[in-house]
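Participant: Following this line is upload17.txt, made up of compact mmCIF, C-alpha atoms:
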```txt
# COMPACT_ATOMS: atom_id res chain seq x y z
CA MET A 1 -40.59 114.96 135.77
CA ASN A 2 -37.58 117.19 135.65
CA ALA A 3 -36.19 119.45 132.98
CA LEU A 4 -34.25 116.71 131.22
CA SER A 5 -37.13 114.21 131.10
CA TRP A 6 -39.23 116.40 128.82
CA TRP A 7 -36.50 116.55 126.21
CA LEU A 8 -35.86 112.81 126.48
CA LEU A 9 -39.60 112.21 126.07
CA LEU A 10 -39.54 114.22 122.84
CA ALA A 11 -36.53 112.20 121.67
CA VAL A 12 -38.24 108.89 122.43
CA MET A 13 -41.41 109.91 120.59
CA LEU A 14 -39.46 110.99 117.51
CA PHE A 15 -37.38 107.79 117.65
CA CYS A 16 -40.48 105.62 117.74
CA ILE A 17 -42.08 107.49 114.84
CA GLY A 18 -38.90 106.90 112.84
CA ALA A 19 -38.71 103.24 113.87
CA PHE A 20 -42.32 102.70 112.82
CA GLY A 21 -41.60 104.29 109.46
CA VAL A 22 -38.53 102.13 108.90
CA LEU A 23 -40.47 98.97 109.69
CA ALA A 24 -43.73 99.81 107.97
CA ARG A 25 -43.12 101.90 104.87
CA ARG A 26 -42.53 100.19 101.59
CA ASN A 27 -40.71 102.91 99.70
CA VAL A 28 -36.97 102.62 100.34
CA ILE A 29 -36.37 106.37 100.13
CA VAL A 30 -38.96 106.97 102.85
CA VAL A 31 -37.20 104.29 104.91
CA VAL A 32 -33.95 106.26 104.59
CA MET A 33 -35.78 109.45 105.64
CA CYS A 34 -37.19 107.70 108.71
CA LEU A 35 -33.69 106.48 109.59
CA GLU A 36 -32.65 110.13 109.60
CA LEU A 37 -35.52 110.91 111.98
CA MET A 38 -34.21 108.23 114.35
CA LEU A 39 -30.68 109.67 114.21
CA ASN A 40 -32.09 113.13 114.92
CA ALA A 41 -33.94 111.79 117.95
CA VAL A 42 -30.72 110.31 119.32
CA ASN A 43 -29.00 113.62 118.75
CA ILE A 44 -31.68 115.51 120.68
CA ALA A 45 -31.20 113.11 123.59
CA LEU A 46 -27.41 113.58 123.45
CA VAL A 47 -27.49 117.36 123.36
CA ALA A 48 -30.15 117.56 126.08
CA THR A 49 -28.25 115.19 128.37
CA ALA A 50 -25.04 117.12 127.81
CA GLN A 51 -26.89 120.31 128.72
CA PHE A 52 -28.40 119.09 131.98
CA ARG A 53 -25.81 116.72 133.38
CA VAL A 54 -22.19 117.35 134.16
CA GLY A 55 -19.87 115.01 132.31
CA ALA A 56 -16.96 115.27 129.96
CA PRO A 57 -17.08 118.89 128.73
CA GLY A 58 -17.98 119.25 125.09
CA ALA A 59 -18.57 115.54 124.57
CA GLY A 60 -22.30 115.96 123.86
CA THR A 61 -21.76 118.63 121.23
CA LEU A 62 -18.84 116.88 119.54
CA PHE A 63 -20.43 113.46 119.46
CA SER A 64 -23.64 114.85 117.99
CA LEU A 65 -21.48 116.48 115.31
CA PHE A 66 -19.88 113.10 114.64
CA ILE A 67 -23.32 111.52 114.36
CA ILE A 68 -24.44 114.18 111.88
CA THR A 69 -21.34 113.52 109.76
CA LEU A 70 -21.89 109.77 109.80
CA ALA A 71 -25.56 110.30 108.91
CA ALA A 72 -24.50 112.26 105.86
CA ALA A 73 -22.19 109.42 104.80
CA GLU A 74 -24.91 106.87 105.43
CA VAL A 75 -27.46 108.76 103.33
CA THR A 76 -25.01 109.08 100.45
CA VAL A 77 -24.22 105.37 100.33
CA GLY A 78 -27.81 104.29 101.01
CA LEU A 79 -29.29 106.41 98.24
CA ALA A 80 -26.52 105.34 95.86
CA ILE A 81 -27.56 101.73 96.52
CA VAL A 82 -31.20 102.68 95.94
CA ILE A 83 -30.38 104.34 92.62
CA ALA A 84 -28.15 101.45 91.51
CA ASN A 85 -30.93 99.03 92.37
CA TYR A 86 -33.52 101.17 90.58
CA ARG A 87 -31.45 100.92 87.43
CA ASN A 88 -31.75 97.13 87.50
CA LYS A 89 -35.20 96.53 88.93
CA ARG A 90 -37.10 99.73 88.01
CA THR A 91 -38.63 99.87 91.47
CA VAL A 92 -38.05 101.43 94.89
CA GLN A 93 -40.44 99.12 96.74
CA ALA A 94 -38.55 97.29 99.47
CA ASP A 95 -40.39 93.98 99.07
CA GLN A 96 -39.47 93.72 95.41
CA TYR A 97 -35.75 93.68 96.13
CA ASP A 98 -35.35 89.92 96.01
CA GLN A 99 -32.12 89.45 94.03
CA LEU A 100 -30.44 87.72 96.97
CA LYS A 101 -33.25 85.20 97.39
CA GLY A 102 -31.83 81.73 96.77
CA MET B 1 -41.37 121.90 133.54
CA PRO B 2 -39.00 121.53 130.62
CA GLY B 3 -35.85 123.33 131.54
CA GLY B 4 -33.52 125.55 129.64
CA ASP B 5 -32.87 129.22 129.16
CA PHE B 6 -36.23 129.83 127.54
CA HIS B 7 -39.93 130.00 128.23
CA PRO B 8 -41.38 126.50 128.78
CA TRP B 9 -44.02 127.06 126.12
CA ILE B 10 -41.28 127.25 123.50
CA PHE B 11 -40.48 123.62 124.29
CA PHE B 12 -44.08 122.54 123.74
CA ILE B 13 -44.39 124.46 120.48
CA LEU B 14 -41.11 122.95 119.24
CA ALA B 15 -42.09 119.44 120.35
CA PHE B 16 -45.46 119.75 118.59
CA TRP B 17 -43.75 121.01 115.44
CA ILE B 18 -41.13 118.25 115.41
CA LEU B 19 -43.55 115.42 116.14
CA VAL B 20 -46.19 116.56 113.65
CA CYS B 21 -43.60 116.90 110.89
CA GLY B 22 -42.12 113.53 111.88
CA LEU B 23 -45.54 111.92 111.60
CA GLY B 24 -45.92 113.63 108.25
CA VAL B 25 -42.81 111.84 106.95
CA VAL B 26 -44.38 108.50 107.82
CA ALA B 27 -47.95 109.31 106.83
CA PHE B 28 -47.73 111.25 103.56
CA LYS B 29 -48.47 109.04 100.61
CA LYS B 30 -46.53 111.12 98.12
CA VAL B 31 -42.78 110.75 98.67
CA MET B 32 -42.07 114.38 97.83
CA TYR B 33 -44.49 115.53 100.55
CA SER B 34 -42.65 113.25 102.97
CA ALA B 35 -39.37 114.88 101.99
CA VAL B 36 -40.70 118.40 102.56
CA SER B 37 -42.11 117.33 105.91
CA MET B 38 -38.69 115.90 106.77
CA VAL B 39 -37.01 119.22 105.97
CA PHE B 40 -39.36 121.05 108.34
CA CYS B 41 -38.78 118.41 111.01
CA PHE B 42 -35.00 118.92 110.72
CA LEU B 43 -35.51 122.67 110.97
CA GLY B 44 -37.50 122.19 114.16
CA VAL B 45 -34.74 119.99 115.57
CA ALA B 46 -32.24 122.75 114.75
CA PHE B 47 -34.33 125.19 116.79
CA ALA B 48 -34.39 122.62 119.59
CA TYR B 49 -30.58 122.58 119.60
CA ALA B 50 -30.56 126.36 119.72
CA ALA B 51 -32.96 126.25 122.68
CA LEU B 52 -30.65 123.77 124.38
CA SER B 53 -27.85 126.37 124.03
CA ALA B 54 -25.88 124.30 121.54
CA PRO B 55 -25.65 126.86 118.73
CA LEU B 56 -22.85 125.06 116.91
CA VAL B 57 -24.91 121.88 116.56
CA ALA B 58 -27.90 123.97 115.43
CA VAL B 59 -25.87 125.62 112.66
CA VAL B 60 -24.36 122.30 111.54
CA GLN B 61 -27.85 120.76 111.58
CA VAL B 62 -29.14 123.44 109.24
CA LEU B 63 -26.09 123.14 106.98
CA VAL B 64 -25.88 119.35 106.76
CA TYR B 65 -29.45 118.16 107.23
CA VAL B 66 -31.60 120.99 105.90
CA GLY B 67 -29.03 121.88 103.25
CA ALA B 68 -27.22 118.79 102.05
CA ILE B 69 -29.09 115.64 103.06
CA SER B 70 -32.48 117.01 101.97
CA ILE B 71 -31.07 117.87 98.56
CA VAL B 72 -29.61 114.37 98.17
CA VAL B 73 -32.93 112.80 99.18
CA ILE B 74 -34.92 115.01 96.80
CA PHE B 75 -32.49 114.20 93.99
CA ALA B 76 -32.95 110.50 94.68
CA ILE B 77 -36.74 110.91 94.58
CA MET B 78 -36.55 112.74 91.26
CA LEU B 79 -34.15 110.17 89.76
CA THR B 80 -36.33 107.23 90.69
CA GLU B 81 -39.71 108.68 89.63
CA VAL B 82 -41.97 106.71 91.93
CA GLN B 83 -45.08 105.39 90.33
CA GLU B 84 -48.33 106.16 92.10
CA GLY B 85 -48.95 103.01 94.10
CA ALA B 86 -52.27 101.69 95.26
CA ARG B 87 -53.21 102.01 98.90
CA ASP B 88 -52.04 98.48 99.67
CA GLN B 89 -48.61 99.34 98.21
CA PHE B 90 -48.14 102.07 100.80
CA PHE B 91 -47.38 100.07 103.95
CA ASN B 92 -45.63 96.74 104.31
CA LYS B 93 -47.20 93.54 105.53
CA GLN B 94 -45.40 93.84 108.88
CA THR B 95 -47.21 97.10 109.76
CA VAL B 96 -49.47 94.99 111.97
CA PHE B 97 -46.46 94.22 114.15
CA ALA B 98 -44.58 97.49 113.67
CA ALA B 99 -47.30 99.79 115.00
CA PRO B 100 -47.85 98.00 118.35
CA LEU B 101 -44.08 97.61 118.75
CA ALA B 102 -43.40 101.31 118.26
CA ILE B 103 -46.27 102.33 120.54
CA ALA B 104 -45.17 99.84 123.21
CA VAL B 105 -41.55 101.06 123.21
CA ALA B 106 -42.71 104.68 123.40
CA ALA B 107 -45.13 103.86 126.24
CA VAL B 108 -42.59 101.93 128.32
CA VAL B 109 -39.87 104.57 128.06
CA SER B 110 -42.42 107.35 128.69
CA VAL B 111 -43.62 105.65 131.89
CA VAL B 112 -40.03 105.31 133.07
CA LEU B 113 -39.32 108.97 132.30
CA VAL B 114 -42.55 110.29 133.83
CA SER B 115 -41.96 108.34 137.02
CA GLY B 116 -38.77 110.35 137.29
CA GLN B 117 -36.88 107.69 139.17
CA VAL B 118 -34.04 107.29 136.73
CA LEU B 119 -32.50 110.61 135.90
CA HIS B 120 -31.57 113.38 138.24
CA VAL B 121 -30.57 116.72 136.89
CA GLY B 122 -27.25 117.66 138.36
CA ASP B 123 -25.68 121.05 138.49
CA LYS B 124 -26.13 122.94 135.29
CA ALA B 125 -23.32 121.92 133.00
CA LEU B 126 -21.33 124.85 131.75
CA THR B 127 -21.57 124.83 127.98
CA PRO B 128 -18.15 125.08 126.36
CA GLY B 129 -17.66 127.88 123.90
CA LEU B 130 -16.58 127.56 120.29
CA HIS B 131 -12.91 128.06 121.14
CA GLN B 132 -12.95 125.40 123.81
CA LEU B 133 -14.83 123.00 121.54
CA SER B 134 -12.33 123.30 118.73
CA ALA B 135 -9.47 122.80 121.19
CA LEU B 136 -11.17 119.61 122.39
CA LEU B 137 -11.84 118.45 118.84
CA PHE B 138 -8.19 118.69 117.83
CA ASN B 139 -6.71 117.37 121.06
CA ARG B 140 -8.80 114.90 122.97
CA TYR B 141 -11.10 113.83 120.14
CA VAL B 142 -8.62 114.03 117.29
CA PHE B 143 -8.71 110.27 116.67
CA PRO B 144 -12.48 110.01 116.04
CA PHE B 145 -12.23 113.19 113.99
CA GLU B 146 -9.61 111.67 111.68
CA LEU B 147 -11.46 108.36 111.60
CA ILE B 148 -14.66 110.09 110.48
CA SER B 149 -12.86 111.91 107.69
CA LEU B 150 -11.69 108.50 106.50
CA VAL B 151 -15.23 107.15 106.66
CA LEU B 152 -16.44 110.14 104.63
CA VAL B 153 -13.85 109.53 101.90
CA ALA B 154 -14.77 105.84 101.80
CA ALA B 155 -18.48 106.70 101.59
CA MET B 156 -17.86 109.19 98.79
CA ILE B 157 -15.86 106.67 96.74
CA GLY B 158 -18.42 103.96 97.47
CA ALA B 159 -21.32 106.14 96.38
CA ILE B 160 -19.60 107.06 93.12
CA VAL B 161 -18.72 103.42 92.37
CA LEU B 162 -22.25 102.24 93.20
CA ALA B 163 -24.15 104.85 91.26
CA ARG B 164 -21.86 104.87 88.20
CA LYS B 165 -23.13 103.26 85.04
CA GLU B 166 -21.56 99.91 84.32
CA GLU B 167 -19.01 100.30 81.56
CA GLU B 168 -19.08 97.91 78.68
CA ARG B 169 -16.34 95.36 79.17
CA SER B 170 -14.71 94.66 75.83
```
Just give me the structure of the file as structure tokens.
Facilitator:
Amino acid sequence: MNALSWWLLLAVMLFCIGAFGVLARRNVIVVVMCLELMLNAVNIALVATAQFRVGAPGAGTLFSLFIITLAAAEVTVGLAIVIANYRNKRTVQADQYDQLKG
Amino acid sequence: MPGGDFHPWIFFILAFWILVCGLGVVAFKKVMYSAVSMVFCFLGVAFAYAALSAPLVAVVQVLVYVGAISIVVIFAIMLTEVQEGARDQFFNKQTVFAAPLAIAVAAVVSVVLVSGQVLHVGDKALTPGLHQLSALLFNRYVFPFELISLVLVAAMIGAIVLARKEEERS
């Protein structure tokens, strides 16, 4: 194992924790939080790879900044949907969102 | 050993911190505890960026994640006052499949990484300074930069439209 592998290992572990949360938790807000964990894991991998491998200069830093910005946008829209849905259904449990069921 | 311009133990302390807080997000039954655990996880990730000598990303992480996103999440929790669910309300039915899947993916990628056959660390990349980064952002990466500002405006308008109360149509 080299210097980069340890950081990538951390990123993979965090990603899998987030993925498990997204799949398993019932509360939609917790699902959004676990999505953020997954995005953070990807960012760790990006920054670590940019640090230890020579590539386009600055690409790792700038793309992780782009990801952080997009994550902010995603959280805003996602939680707005959650709140709009809560107004109709009075619940944040994912399995009770069945308005689209035919 | 984990590389970087720091003592290797710092990596292990940070990794422990991040993973424990990440598990806390998934495992806490109360949503507000999950949110606090998430904030600490983000803080740990910010320290990880600092250890990886990416101070700009670390500062932006603290500003956007620890500052803004956490506040939005906590507001959403307070607006939707979650009722105390029973234990069987906590996890979905597909947990039986989700847990082995997550563990399997982690195990496979870990084996690949530990075998060390895939990635070779090249020469140490020289980290660009703030000045160089901003020059890159407004020259080479100006198109994604502008595109993302558009996405942000669209997301802002979308969030307002979605969360606004329906007006009575007369």
Participant: Which residue, B:Leu147, B:Val114, B:Met32, B:Ile74, has the smallest gap to chain A when you use only C-alpha atoms?
Facilitator: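 Of all the options, B:Val114 lies closest to chain A.
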Participant: Taking only C-alpha atoms into account, name the residue in A:Val77, A:Val28, A:Leu35, A:Ala45 that is nearest to chain B.
Facilitator: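 For chain B, the nearest of the given residues is A:Val77.
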Participant: Taking only C-alpha atoms into account, find every residue of chain A that has an atom no more than 6 Å from chain B, and write it out as a list in words.
Facilitator: Met1, Ala3, Ser5, Trp6, Cys16, Phe20, Gly21, Leu23, Ala24, Arg25, Arg26, Gln51, Phe52, Arg53, Val54, Gly58, Ala73, Val77, Ala80 and Ala84 of chain A
Participant: Restricting the output to C-alpha atoms, write the selected residues as a PDB file, in the frame of the given file.
Facilitator:
```
ATOM      1  CA  MET A   1     -40.590 114.960 135.770  1.00  0.00           C
ATOM      2  CA  ALA A   3     -36.190 119.450 132.980  1.00  0.00           C
ATOM      3  CA  SER A   5     -37.130 114.210 131.100  1.00  0.00           C
ATOM      4  CA  TRP A   6     -39.230 116.400 128.820  1.00  0.00           C
ATOM      5  CA  CYS A  16     -40.480 105.620 117.740  1.00  0.00           C
ATOM      6  CA  PHE A  20     -42.320 102.700 112.820  1.00  0.00           C
ATOM      7  CA  GLY A  21     -41.600 104.290 109.460  1.00  0.00           C
ATOM      8  CA  LEU A  23     -40.470  98.970 109.690  1.00  0.00           C
ATOM      9  CA  ALA A  24     -43.730  99.810 107.970  1.00  0.00           C
ATOM     10  CA  ARG A  25     -43.120 101.900 104.870  1.00  0.00           C
ATOM     11  CA  ARG A  26     -42.530 100.190 101.590  1.00  0.00           C
ATOM     12  CA  GLN A  51     -26.890 120.310 128.720  1.00  0.00           C
ATOM     13  CA  PHE A  52     -28.400 119.090 131.980  1.00  0.00           C
ATOM     14  CA  ARG A  53     -25.810 116.720 133.380  1.00  0.00           C
ATOM     15  CA  VAL A  54     -22.190 117.350 134.160  1.00  0.00           C
ATOM     16  CA  GLY A  58     -17.980 119.250 125.090  1.00  0.00           C
ATOM     17  CA  ALA A  73     -22.190 109.420 104.800  1.00  0.00           C
ATOM     18  CA  VAL A  77     -24.220 105.370 100.330  1.00  0.00           C
ATOM     19  CA  ALA A  80     -26.520 105.340  95.860  1.00  0.00           C
ATOM     20  CA  ALA A  84     -28.150 101.450  91.510  1.00  0.00           C
TER      21      ALA A  84
END
```
Participant: Please determine, counting all atoms listed in the file, which residue among A:Ala11, A:Ile44, A:Leu39, A:Leu100 has the shortest atom-to-atom distance to Leu70 in chain A.
Facilitator: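 For Leu70 in chain A, the nearest of the candidates is A:Leu39.
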Participant: From the options B:Phe40, B:Trp9, B:Tyr33, B:Phe47, which residue's atoms come nearest to Val66 in chain B, counting only C-alpha atoms?
Facilitator: B:Phe40
Participant: Go ahead and compute the interatomic distance for CA of Thr61 in chain A and CA of His131 in chain B, in Å to one decimal.
Facilitator: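 We find that CA of Thr61 in chain A and CA of His131 in chain B lie 12.9 Å from each other.
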Participant: Please report the interatomic distance between CA of Met78 in chain B and CA of Met38 in chain A in Å with one decimal.
Facilitator: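 Computing the Euclidean distance for CA of Met78 in chain B and CA of Met38 in chain A yields 23.6 Å.
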Participant: Please report the interatomic distance between CA of Leu79 in chain A and CA of Val30 in chain A in Å with one decimal.
Facilitator: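 About the pair CA of Leu79 in chain A and CA of Val30 in chain A: they are 10.7 Å apart.
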Participant: List every protein, DNA or RNA residue with an atom no more than 10 Å from (-22.5, 112.8, 122.4) in the file's coordinates, counting only C-alpha atoms, and format the result as number ranges by chain.
Facilitator: A: 42-50, 56, 58-67
